[in-house]
file start_25.csv (CSV, C-alpha atoms)
chain,number,residue,atom,x,y,z
C,23,MET,CA,-14.1,29.4,-40.7
C,24,SER,CA,-12.7,32.0,-38.2
C,25,LEU,CA,-11.3,31.2,-34.8
C,26,THR,CA,-14.4,32.8,-33.1
C,27,GLN,CA,-16.8,30.6,-35.1
C,28,THR,CA,-14.7,27.5,-34.3
C,29,LEU,CA,-14.9,28.3,-30.6
C,30,ASP,CA,-18.6,28.9,-30.8
C,31,THR,CA,-19.1,25.6,-32.6
C,32,ARG,CA,-17.1,23.8,-29.9
C,33,SER,CA,-18.9,25.4,-27.1
C,34,ALA,CA,-22.2,24.4,-28.6
C,35,ARG,CA,-21.3,20.8,-28.8
C,36,PRO,CA,-22.0,20.0,-25.1
C,37,GLU,CA,-25.4,21.5,-25.4
C,38,ALA,CA,-26.2,19.5,-28.5
C,39,ALA,CA,-25.0,16.4,-26.9
C,40,GLN,CA,-27.2,17.1,-23.8
C,41,VAL,CA,-30.2,17.6,-26.1
C,42,ALA,CA,-29.4,14.4,-27.9
C,43,SER,CA,-29.2,12.5,-24.6
C,44,LEU,CA,-32.6,13.8,-23.5
C,45,ALA,CA,-34.0,12.6,-26.8
C,46,VAL,CA,-33.0,9.0,-26.0
C,47,PRO,CA,-35.8,7.0,-24.3
C,48,ALA,CA,-35.3,6.5,-20.6
C,49,HIS,CA,-35.2,2.7,-20.9
C,50,ARG,CA,-32.4,2.8,-23.4
C,51,ARG,CA,-30.1,5.1,-21.5
C,52,ARG,CA,-26.9,3.6,-20.1
C,53,PRO,CA,-27.2,2.9,-16.3
C,54,ARG,CA,-24.9,4.8,-14.1
C,55,ALA,CA,-21.7,2.9,-13.1
C,56,ILE,CA,-21.6,1.6,-9.5
C,57,PRO,CA,-18.9,3.4,-7.5
C,58,ALA,CA,-15.8,1.4,-6.8
C,59,ALA,CA,-16.1,1.9,-3.1
C,60,VAL,CA,-19.6,0.3,-3.1
C,61,LEU,CA,-18.3,-2.7,-5.1
C,62,GLY,CA,-15.4,-3.1,-2.8
C,63,LEU,CA,-17.6,-3.3,0.3
C,64,GLY,CA,-20.0,-5.7,-1.4
C,65,PHE,CA,-18.2,-9.0,-0.8
C,66,PRO,CA,-17.1,-8.2,2.8
C,67,THR,CA,-20.7,-7.3,3.6
C,68,PHE,CA,-21.9,-10.6,2.1
C,69,LEU,CA,-19.3,-12.5,4.2
C,70,VAL,CA,-20.4,-10.8,7.4
C,71,VAL,CA,-24.1,-11.5,6.6
C,72,VAL,CA,-23.3,-15.2,6.0
C,73,TRP,CA,-21.2,-15.3,9.1
C,74,TRP,CA,-24.0,-13.7,11.2
C,75,ALA,CA,-26.6,-16.1,9.8
C,76,ALA,CA,-24.4,-19.2,10.4
C,77,ALA,CA,-23.7,-18.1,14.0
C,78,ARG,CA,-27.4,-17.4,14.7
C,79,ALA,CA,-28.3,-20.8,13.4
C,80,GLY,CA,-25.8,-22.4,15.6
C,81,LEU,CA,-23.7,-23.8,12.7
C,82,LEU,CA,-20.5,-22.3,14.1
C,83,PRO,CA,-19.3,-23.1,17.6
C,84,GLU,CA,-18.0,-20.0,19.5
C,85,GLN,CA,-14.8,-21.8,20.2
C,86,ILE,CA,-14.1,-22.0,16.5
C,87,LEU,CA,-15.6,-18.7,15.2
C,88,PRO,CA,-17.3,-16.2,17.6
C,89,ALA,CA,-20.4,-14.4,16.4
C,90,PRO,CA,-20.1,-10.9,14.9
C,91,GLN,CA,-21.9,-9.6,18.0
C,92,ALA,CA,-19.1,-10.9,20.2
C,93,ILE,CA,-16.5,-9.4,17.9
C,94,LEU,CA,-18.2,-6.0,18.2
C,95,GLU,CA,-18.5,-6.2,22.0
C,96,THR,CA,-14.8,-7.1,22.2
C,97,PHE,CA,-13.9,-4.2,19.9
C,98,LEU,CA,-15.9,-1.7,21.9
C,99,GLY,CA,-14.4,-3.0,25.2
C,100,LEU,CA,-10.8,-2.6,23.8
C,101,VAL,CA,-11.6,0.9,22.6
C,102,GLY,CA,-13.3,1.9,25.9
C,103,ASP,CA,-10.4,0.9,28.1
C,104,GLY,CA,-7.7,2.2,25.8
C,105,THR,CA,-6.1,-1.1,25.2
C,106,LEU,CA,-6.6,-1.0,21.4
C,107,ALA,CA,-5.3,2.6,21.1
C,108,THR,CA,-2.1,1.7,23.1
C,109,HIS,CA,-1.2,-1.4,21.0
C,110,LEU,CA,-2.2,0.4,17.7
C,111,LYS,CA,0.1,3.3,18.5
C,112,VAL,CA,3.0,1.0,19.2
C,113,SER,CA,2.6,-0.9,16.0
C,114,THR,CA,2.1,2.2,13.9
C,115,GLU,CA,5.2,3.8,15.3
C,116,ARG,CA,7.2,0.7,14.6
C,117,VAL,CA,6.0,0.3,11.0
C,118,LEU,CA,6.4,4.0,10.2
C,119,ILE,CA,10.0,4.1,11.5
C,120,GLY,CA,11.0,0.8,9.9
C,121,PHE,CA,9.3,1.7,6.6
C,122,GLY,CA,10.8,5.1,6.6
C,123,ILE,CA,14.3,3.7,7.0
C,124,GLY,CA,13.7,1.0,4.4
C,125,ALA,CA,12.1,3.5,1.9
C,126,VAL,CA,14.9,6.0,2.1
C,127,GLY,CA,17.6,3.4,1.8
C,128,GLY,CA,15.8,1.6,-0.9
C,129,LEU,CA,15.3,4.7,-3.0
C,130,ALA,CA,18.9,5.7,-2.7
C,131,PHE,CA,20.2,2.2,-3.5
C,132,GLY,CA,17.7,1.7,-6.3
C,133,ALA,CA,18.5,5.1,-7.9
C,134,ALA,CA,22.2,4.3,-7.8
C,135,ALA,CA,21.6,0.9,-9.3
C,136,GLY,CA,19.4,2.4,-12.1
C,137,LEU,CA,21.8,5.3,-12.9
C,138,SER,CA,25.2,3.6,-12.6
C,139,PRO,CA,25.8,0.4,-14.6
C,140,THR,CA,28.9,-0.2,-12.6
C,141,PHE,CA,27.1,0.1,-9.3
C,142,ARG,CA,24.3,-2.1,-10.6
C,143,ALA,CA,26.7,-4.9,-11.8
C,144,PHE,CA,28.5,-4.9,-8.5
C,145,PHE,CA,25.7,-4.7,-5.9
C,146,TYR,CA,22.5,-5.6,-7.6
C,147,PRO,CA,23.0,-9.4,-7.9
C,148,PRO,CA,23.4,-9.8,-4.1
C,149,VAL,CA,20.3,-7.8,-3.5
C,150,GLN,CA,18.3,-10.0,-5.8
C,151,ALA,CA,19.7,-13.1,-4.1
C,152,VAL,CA,18.7,-11.7,-0.6
C,153,ALA,CA,15.2,-10.9,-2.0
C,154,ARG,CA,14.6,-14.5,-2.6
C,155,VAL,CA,14.9,-15.3,1.1
C,156,ASN,CA,12.1,-14.1,3.4
C,157,VAL,CA,13.4,-11.7,6.1
C,158,LEU,CA,11.8,-13.9,8.8
C,159,ALA,CA,14.3,-16.6,7.9
C,160,TRP,CA,17.0,-14.3,9.1
C,161,MET,CA,15.4,-13.4,12.4
C,162,PRO,CA,16.9,-16.2,14.5
C,163,LEU,CA,20.4,-15.1,13.3
C,164,LEU,CA,19.6,-11.4,13.8
C,165,THR,CA,18.3,-12.2,17.3
C,166,LEU,CA,21.7,-13.6,18.3
C,167,PHE,CA,23.3,-10.2,17.5
C,168,MET,CA,20.6,-7.8,18.3
C,169,GLY,CA,18.4,-9.4,20.9
C,170,ILE,CA,14.6,-9.0,20.8
C,171,ASP,CA,14.3,-5.3,21.6
C,172,GLU,CA,13.1,-2.6,19.3
C,173,PRO,CA,16.2,-2.4,17.0
C,174,LEU,CA,15.4,-5.9,15.8
C,175,LYS,CA,11.9,-5.0,14.7
C,176,TYR,CA,13.1,-1.8,13.0
C,177,VAL,CA,15.8,-3.8,11.1
C,178,VAL,CA,13.5,-6.6,9.8
C,179,ILE,CA,10.7,-4.1,8.9
C,180,ALA,CA,13.2,-1.9,7.0
C,181,TRP,CA,14.7,-4.9,5.3
C,182,SER,CA,11.4,-6.2,4.1
C,183,ALA,CA,10.3,-2.7,2.9
C,184,ALA,CA,13.6,-1.9,1.2
C,185,ILE,CA,13.7,-4.8,-1.2
C,186,PRO,CA,10.7,-4.0,-3.3
C,187,VAL,CA,11.6,-0.3,-3.2
C,188,ILE,CA,15.1,-1.0,-4.6
C,189,LEU,CA,13.7,-3.3,-7.3
C,190,GLY,CA,10.9,-0.9,-8.3
C,191,THR,CA,13.2,2.2,-8.4
C,192,ALA,CA,16.0,0.5,-10.4
C,193,ARG,CA,13.5,-0.9,-12.9
C,194,GLY,CA,11.7,2.4,-13.3
C,195,ILE,CA,14.9,4.3,-14.0
C,196,GLU,CA,16.2,1.7,-16.3
C,197,ALA,CA,12.9,1.6,-18.2
C,198,VAL,CA,13.0,5.3,-19.1
C,199,SER,CA,13.1,5.5,-22.9
C,200,PRO,CA,16.5,6.3,-24.4
C,201,ALA,CA,14.7,8.7,-26.8
C,202,PHE,CA,13.8,10.9,-23.9
C,203,ARG,CA,17.4,10.9,-22.7
C,204,GLU,CA,18.5,11.9,-26.2
C,205,LEU,CA,16.0,14.7,-26.2
C,206,GLY,CA,17.4,16.0,-23.0
C,207,GLN,CA,20.9,15.9,-24.5
C,208,ALA,CA,19.6,17.8,-27.5
C,209,LEU,CA,18.1,20.4,-25.2
C,210,GLN,CA,21.4,20.6,-23.4
C,211,PHE,CA,20.0,19.5,-20.0
C,212,ASP,CA,22.5,19.2,-17.3
C,213,THR,CA,22.5,16.2,-14.9
C,214,ARG,CA,20.1,17.8,-12.5
C,215,ASP,CA,17.6,18.8,-15.2
C,216,THR,CA,17.8,15.3,-16.7
C,217,LEU,CA,17.0,13.7,-13.4
C,218,ARG,CA,14.2,16.1,-12.6
C,219,LEU,CA,12.5,16.4,-15.9
C,220,ILE,CA,13.1,13.1,-17.6
C,221,VAL,CA,14.3,10.3,-15.4
C,222,LEU,CA,12.2,10.9,-12.3
C,223,PRO,CA,8.8,11.5,-14.0
C,224,GLY,CA,9.4,8.3,-16.1
C,225,ALA,CA,10.3,6.3,-13.0
C,226,VAL,CA,7.5,7.5,-10.8
C,227,PRO,CA,4.9,4.7,-11.5
C,228,SER,CA,7.4,1.9,-10.9
C,229,LEU,CA,8.8,3.8,-7.9
C,230,PHE,CA,5.5,4.1,-6.2
C,231,ALA,CA,4.6,0.5,-7.0
C,232,GLY,CA,7.7,-0.5,-5.1
C,233,LEU,CA,6.8,1.8,-2.2
C,234,ARG,CA,3.3,0.4,-1.9
C,235,GLU,CA,4.6,-3.2,-2.0
C,236,GLY,CA,7.2,-2.2,0.6
C,237,LEU,CA,4.5,-0.8,2.8
C,238,ALA,CA,2.5,-4.0,2.6
C,239,ASN,CA,5.6,-6.0,3.4
C,240,ALA,CA,6.3,-3.7,6.3
C,241,TRP,CA,2.9,-4.4,7.9
C,242,GLN,CA,3.1,-8.1,7.4
C,243,THR,CA,6.6,-8.3,8.8
C,244,LEU,CA,5.6,-6.0,11.8
C,245,VAL,CA,2.8,-8.4,12.8
C,246,LEU,CA,5.1,-11.5,12.5
C,247,ALA,CA,7.9,-9.8,14.4
C,248,GLU,CA,5.5,-8.9,17.2
C,249,LEU,CA,4.3,-12.5,17.3
C,250,PHE,CA,7.9,-13.6,17.5
C,251,ALA,CA,9.3,-11.2,20.1
C,252,SER,CA,7.2,-8.5,21.6
C,253,PHE,CA,5.2,-7.6,24.7
C,254,GLU,CA,3.0,-4.9,23.0
C,255,GLY,CA,1.5,-4.2,19.7
C,256,LEU,CA,-1.2,-5.7,17.5
C,257,GLY,CA,0.9,-8.8,16.8
C,258,TYR,CA,1.3,-9.4,20.6
C,259,LEU,CA,-2.4,-8.8,21.0
C,260,MET,CA,-3.1,-11.7,18.6
C,261,THR,CA,-0.7,-13.9,20.5
C,262,TRP,CA,-2.3,-13.0,23.8
C,263,GLY,CA,-5.7,-13.8,22.4
C,264,ARG,CA,-4.5,-17.2,21.0
C,265,GLN,CA,-2.9,-18.2,24.3
C,266,LEU,CA,-6.1,-17.3,26.2
C,267,PHE,CA,-8.3,-19.0,23.5
C,268,GLN,CA,-10.1,-15.7,23.0
C,269,LEU,CA,-10.6,-15.8,19.2
C,270,ASP,CA,-12.7,-12.7,19.3
C,271,LEU,CA,-9.5,-10.8,20.4
C,272,VAL,CA,-7.5,-12.4,17.6
C,273,ILE,CA,-10.1,-11.5,15.0
C,274,VAL,CA,-10.4,-7.9,16.2
C,275,SER,CA,-6.6,-7.5,16.0
C,276,MET,CA,-6.6,-8.9,12.5
C,277,ILE,CA,-9.4,-6.5,11.4
C,278,ILE,CA,-7.5,-3.5,12.8
C,279,VAL,CA,-4.3,-4.6,11.1
C,280,ALA,CA,-6.2,-4.8,7.8
C,281,ILE,CA,-7.9,-1.4,8.2
C,282,ALA,CA,-4.7,0.3,9.3
C,283,GLY,CA,-2.7,-1.2,6.4
C,284,LEU,CA,-5.4,-0.2,3.9
C,285,ALA,CA,-5.5,3.4,5.3
C,286,MET,CA,-1.8,3.8,4.9
C,287,ASP,CA,-2.0,2.4,1.3
C,288,LEU,CA,-4.7,5.0,0.5
C,289,VAL,CA,-2.5,7.8,1.8
C,290,LEU,CA,0.4,6.5,-0.4
C,291,ARG,CA,-2.0,6.4,-3.4
C,292,ALA,CA,-3.0,10.0,-2.8
C,293,VAL,CA,0.7,11.0,-2.7
C,294,GLU,CA,1.2,9.1,-5.9
C,295,ARG,CA,-1.6,11.0,-7.6
C,296,ARG,CA,-0.1,14.3,-6.5
C,297,ALA,CA,3.3,13.3,-7.8
C,298,GLN,CA,1.8,12.6,-11.2
C,299,PRO,CA,-0.3,15.7,-12.1
C,300,TRP,CA,0.0,15.0,-15.8
C,301,LYS,CA,-2.1,11.8,-15.4
C,302,LYS,CA,-5.0,13.9,-14.0
C,303,GLY,CA,-4.7,16.2,-16.9
C,304,THR,CA,-4.8,13.3,-19.4
C,305,ALA,CA,-7.8,11.8,-17.7
C,306,ASP,CA,-9.6,15.2,-17.9
C,307,VAL,CA,-8.9,15.5,-21.6
C,308,HIS,CA,-10.3,12.0,-22.3

call {"tool": "encode", "arguments": {"input": "start_25.csv", "output": "C-alpha cells"}}
result
Amino acid sequence: MSLTQTLDTRSARPEAAQVASLAVPAHRRRPRAIPAAVLGLGFPTFLVVVWWAAARAGLLPEQILPAPQAILETFLGLVGDGTLATHLKVSTERVLIGFGIGAVGGLAFGAAAGLSPTFRAFFYPPVQAVARVNVLAWMPLLTLFMGIDEPLKYVVIAWSAAIPVILGTARGIEAVSPAFRELGQALQFDTRDTLRLIVLPGAVPSLFAGLREGLANAWQTLVLAELFASFEGLGYLMTWGRQLFQLDLVIVSMIIVAIAGLAMDLVLRAVERRAQPWKKGTADVH
C-alpha cells in the first residue's frame, strides 16, 4: 500500500467511526461526562441549600450560625463601603511577597540539595527537622526579635512556603532517571543543557507540587499571623468579627480567604500546564 493510500485510509477512519456511532441506538449511547466544574460545585450548593432550609425552619439560632441572607447582606455591605477590598488588598500583598521570597529561596535551596550530594548531606537534615515543627510554634520567639510589624509576617509566610518547595524541588531533581543523565552524557551535553533539557523537565511535576503546597501553606499562615498580630487584613477581619460576636463577618472573611486561595492555585495550575507542553501533546494523541 502506498503512502497516499495509507493517508487516505487514516483520514477516512473518523468518518467511518462517526457513521458507526450514528448507527448505535440512542438509548445505548454513552452519556456525556459531567464537567468537573459542575461536580465541584455540587456539594457546596447542597450545603448552602441545607443551611438555608435549616435557618428558615428556625433550627439554627443566628448567634450560632447566621442565615445565608445575612451573610450575603454583610458581604454586599463590606463591598459597598470598600472595607473588604482594603483588607483583601493587604492580605494579598502580604502573601504574594512572603510566598515570592519563600518560593525563590526554596527553589534555590532545593536545587542545590538535589544537584549536590555534599550540600544535601550537610544542609538537608536540618531542613527536614525544621519542617517537622509548625512555623507558628516559632512565632513567640520570632516576635521577641522582630516585633509584630510586617517583617514578622513576611518571614513566617516565606518560611511556611519554602519548606514544601525545598522538599519538592530536591525530590524532583533526585528522581530524574539516571538513564536520561547518561543519555545526556552520550550526546555530550554540557551542564547547562543537562539542566535545561533533562533535569528541569523531569523535576517540573514535583517542583510545582511543592509550589502549590507552599502557596496553600502561605495562605494558612497569613491568616493565622494576622490573627496573632495585625490590625488589618482578612485574618484581622475574622478577629474583629469574633470579638464583636458578628459571626456573619467571620464567615464572609473565611469565604473570601477560600476563594482567593483557590484563585491563586488555579493560576499556578495554569502556569504548570504551560511549563509542561509535552503533556498536552500526549493528551491530544490519546

call {"tool": "residues_around", "arguments": {"input": "start_25.csv", "residues": "segment 152-161 of chain C", "least_positions_apart": "5", "cutoff": "9 Å", "atoms": "all atoms listed in the file", "output": "compact mmCIF listing (two decimals) with C-alpha atoms, in the coordinates of the input"}}
result
# COMPACT_ATOMS: atom_id res chain seq x y z
CA PRO C 147 23.00 -9.40 -7.90
CA LEU C 166 21.70 -13.60 18.30
CA LEU C 174 15.40 -5.90 15.80
CA VAL C 178 13.50 -6.60 9.80
CA ILE C 179 10.70 -4.10 8.90
CA TRP C 181 14.70 -4.90 5.30
CA SER C 182 11.40 -6.20 4.10
CA ILE C 185 13.70 -4.80 -1.20
CA PRO C 186 10.70 -4.00 -3.30
CA THR C 243 6.60 -8.30 8.80
CA LEU C 246 5.10 -11.50 12.50
CA ALA C 247 7.90 -9.80 14.40

call {"tool": "residues_around", "arguments": {"input": "start_25.csv", "residues": "Leu271 of chain C", "least_positions_apart": "4", "cutoff": "10 Å", "atoms": "all atoms listed in the file", "output": "PyMOL selection string"}}
result
chain C and resi 88+92-93+96-97+100+259-264+266-267+275-277

call {"tool": "atom_distance", "arguments": {"input": "start_25.csv", "atom1": "atom CA of Glu95 of chain C", "atom2": "atom CA of Asp270 of chain C"}}
result
9.1 Å

call {"tool": "residues_around", "arguments": {"input": "start_25.csv", "residues": "segment 240-242 of chain C", "least_positions_apart": "5", "cutoff": "9 Å", "atoms": "all atoms listed in the file", "output": "NGL selection string"}}
result
:C and (113-114 or 117-118 or 120-121 or 124 or 178-183 or 235 or 247 or 279 or 283)

call {"tool": "closest_residue", "arguments": {"input": "start_25.csv", "among": "C:Ala184, C:Leu189, C:Ala143, C:Leu110", "to": "Ile123 of chain C", "atoms": "all atoms listed in the file"}}
result
C:Ala184

call {"tool": "residues_around", "arguments": {"input": "start_25.csv", "residues": "segment 219-232 of chain C", "least_positions_apart": "5", "cutoff": "6 Å", "atoms": "all atoms listed in the file", "output": "PyMOL selection string"}}
result
chain C and resi 186-187+190-191+194-195+198

call {"tool": "write_last_selection", "arguments": {"input": "start_25.csv", "atoms": "C-alpha atoms", "output": "JSON list (two decimals), in the coordinates of the input"}}
result
[["chain", "number", "residue", "atom", "x", "y", "z"],
["C", 186, "PRO", "CA", 10.70, -4.00, -3.30],
["C", 187, "VAL", "CA", 11.60, -0.30, -3.20],
["C", 190, "GLY", "CA", 10.90, -0.90, -8.30],
["C", 191, "THR", "CA", 13.20, 2.20, -8.40],
["C", 194, "GLY", "CA", 11.70, 2.40, -13.30],
["C", 195, "ILE", "CA", 14.90, 4.30, -14.00],
["C", 198, "VAL", "CA", 13.00, 5.30, -19.10]]

call {"tool": "atom_distance", "arguments": {"input": "start_25.csv", "atom1": "atom CA of His109 of chain C", "atom2": "atom CA of Pro162 of chain C"}}
result
24.3 Å

call {"tool": "atom_distance", "arguments": {"input": "start_25.csv", "atom1": "atom CA of Leu87 of chain C", "atom2": "atom CA of Tyr258 of chain C"}}
result
20.0 Å

call {"tool": "residues_near_point", "arguments": {"input": "start_25.csv", "point": "(-18.7, -17.9, 13.1)", "cutoff": "8 Å", "atoms": "only C-alpha atoms", "output": "PyMOL selection string"}}
result
chain C and resi 73-74+76-77+81-84+86-90

call {"tool": "closest_residue", "arguments": {"input": "start_25.csv", "among": "C:Leu164, C:Leu233, C:Leu217, C:Leu244", "to": "Asp287 of chain C", "atoms": "only C-alpha atoms"}}
result
C:Leu233

call {"tool": "decode", "arguments": {"input": "start_25.csv", "residues": "segment 222-254 of chain C", "atoms": "N, CA and C atoms", "output": "compact mmCIF listing (two decimals), in the first residue's frame"}}
result
# COMPACT_ATOMS: atom_id res chain seq x y z
N LEU C 222 15.52 19.69 34.54
CA LEU C 222 14.37 20.55 34.81
C LEU C 222 13.05 19.94 34.32
N PRO C 223 12.96 19.45 33.08
CA PRO C 223 11.69 18.83 32.66
C PRO C 223 11.28 17.65 33.53
N GLY C 224 12.25 16.86 33.96
CA GLY C 224 11.92 15.72 34.81
C GLY C 224 11.48 16.11 36.20
N ALA C 225 11.94 17.27 36.67
CA ALA C 225 11.61 17.70 38.03
C ALA C 225 10.39 18.60 38.10
N VAL C 226 9.86 19.03 36.94
CA VAL C 226 8.76 20.00 36.93
C VAL C 226 7.54 19.53 37.71
N PRO C 227 7.05 18.30 37.55
CA PRO C 227 5.85 17.90 38.31
C PRO C 227 6.03 18.00 39.82
N SER C 228 7.13 17.47 40.33
CA SER C 228 7.38 17.54 41.77
C SER C 228 7.62 18.97 42.22
N LEU C 229 8.27 19.75 41.37
CA LEU C 229 8.55 21.15 41.69
C LEU C 229 7.25 21.93 41.87
N PHE C 230 6.32 21.76 40.93
CA PHE C 230 5.06 22.50 41.03
C PHE C 230 4.18 21.96 42.14
N ALA C 231 4.31 20.68 42.45
CA ALA C 231 3.58 20.16 43.60
C ALA C 231 4.04 20.86 44.88
N GLY C 232 5.35 21.08 45.01
CA GLY C 232 5.87 21.81 46.15
C GLY C 232 5.42 23.26 46.16
N LEU C 233 5.38 23.90 44.97
CA LEU C 233 4.95 25.30 44.89
C LEU C 233 3.49 25.44 45.29
N ARG C 234 2.66 24.54 44.84
CA ARG C 234 1.23 24.63 45.18
C ARG C 234 1.00 24.39 46.67
N GLU C 235 1.71 23.42 47.22
CA GLU C 235 1.59 23.20 48.66
C GLU C 235 2.14 24.39 49.44
N GLY C 236 3.22 24.97 48.94
CA GLY C 236 3.77 26.16 49.59
C GLY C 236 2.80 27.33 49.55
N LEU C 237 2.08 27.49 48.43
CA LEU C 237 1.10 28.57 48.33
C LEU C 237 -0.05 28.35 49.31
N ALA C 238 -0.50 27.10 49.43
CA ALA C 238 -1.56 26.80 50.41
C ALA C 238 -1.07 27.08 51.83
N ASN C 239 0.16 26.68 52.14
CA ASN C 239 0.72 26.97 53.46
C ASN C 239 0.83 28.47 53.70
N ALA C 240 1.19 29.21 52.65
CA ALA C 240 1.34 30.65 52.79
C ALA C 240 0.01 31.30 53.17
N TRP C 241 -1.08 30.87 52.54
CA TRP C 241 -2.39 31.44 52.87
C TRP C 241 -2.80 31.10 54.30
N GLN C 242 -2.59 29.85 54.69
CA GLN C 242 -2.96 29.46 56.05
C GLN C 242 -2.16 30.23 57.09
N THR C 243 -0.86 30.34 56.83
CA THR C 243 -0.01 31.05 57.78
C THR C 243 -0.33 32.53 57.82
N LEU C 244 -0.69 33.10 56.66
CA LEU C 244 -1.06 34.51 56.61
C LEU C 244 -2.23 34.80 57.54
N VAL C 245 -3.28 34.00 57.41
CA VAL C 245 -4.47 34.25 58.24
C VAL C 245 -4.14 34.11 59.72
N LEU C 246 -3.37 33.08 60.08
CA LEU C 246 -3.03 32.88 61.48
C LEU C 246 -2.11 33.99 61.98
N ALA C 247 -1.19 34.45 61.13
CA ALA C 247 -0.32 35.55 61.54
C ALA C 247 -1.12 36.83 61.75
N GLU C 248 -2.13 37.07 60.91
CA GLU C 248 -2.96 38.26 61.09
C GLU C 248 -3.86 38.12 62.31
N LEU C 249 -4.24 36.90 62.63
CA LEU C 249 -4.98 36.69 63.88
C LEU C 249 -4.11 36.98 65.09
N PHE C 250 -2.81 36.65 64.95
CA PHE C 250 -1.89 36.77 66.07
C PHE C 250 -1.44 38.22 66.28
N ALA C 251 -1.09 38.90 65.21
CA ALA C 251 -0.53 40.24 65.36
C ALA C 251 -0.78 41.05 64.10
N SER C 252 -1.94 41.71 64.02
CA SER C 252 -2.22 42.57 62.88
C SER C 252 -3.41 43.44 63.20
N PHE C 253 -3.47 44.58 62.51
CA PHE C 253 -4.60 45.49 62.65
C PHE C 253 -5.30 45.72 61.32
N GLU C 254 -4.98 44.89 60.33
CA GLU C 254 -5.65 44.93 59.04
C GLU C 254 -5.39 43.62 58.32
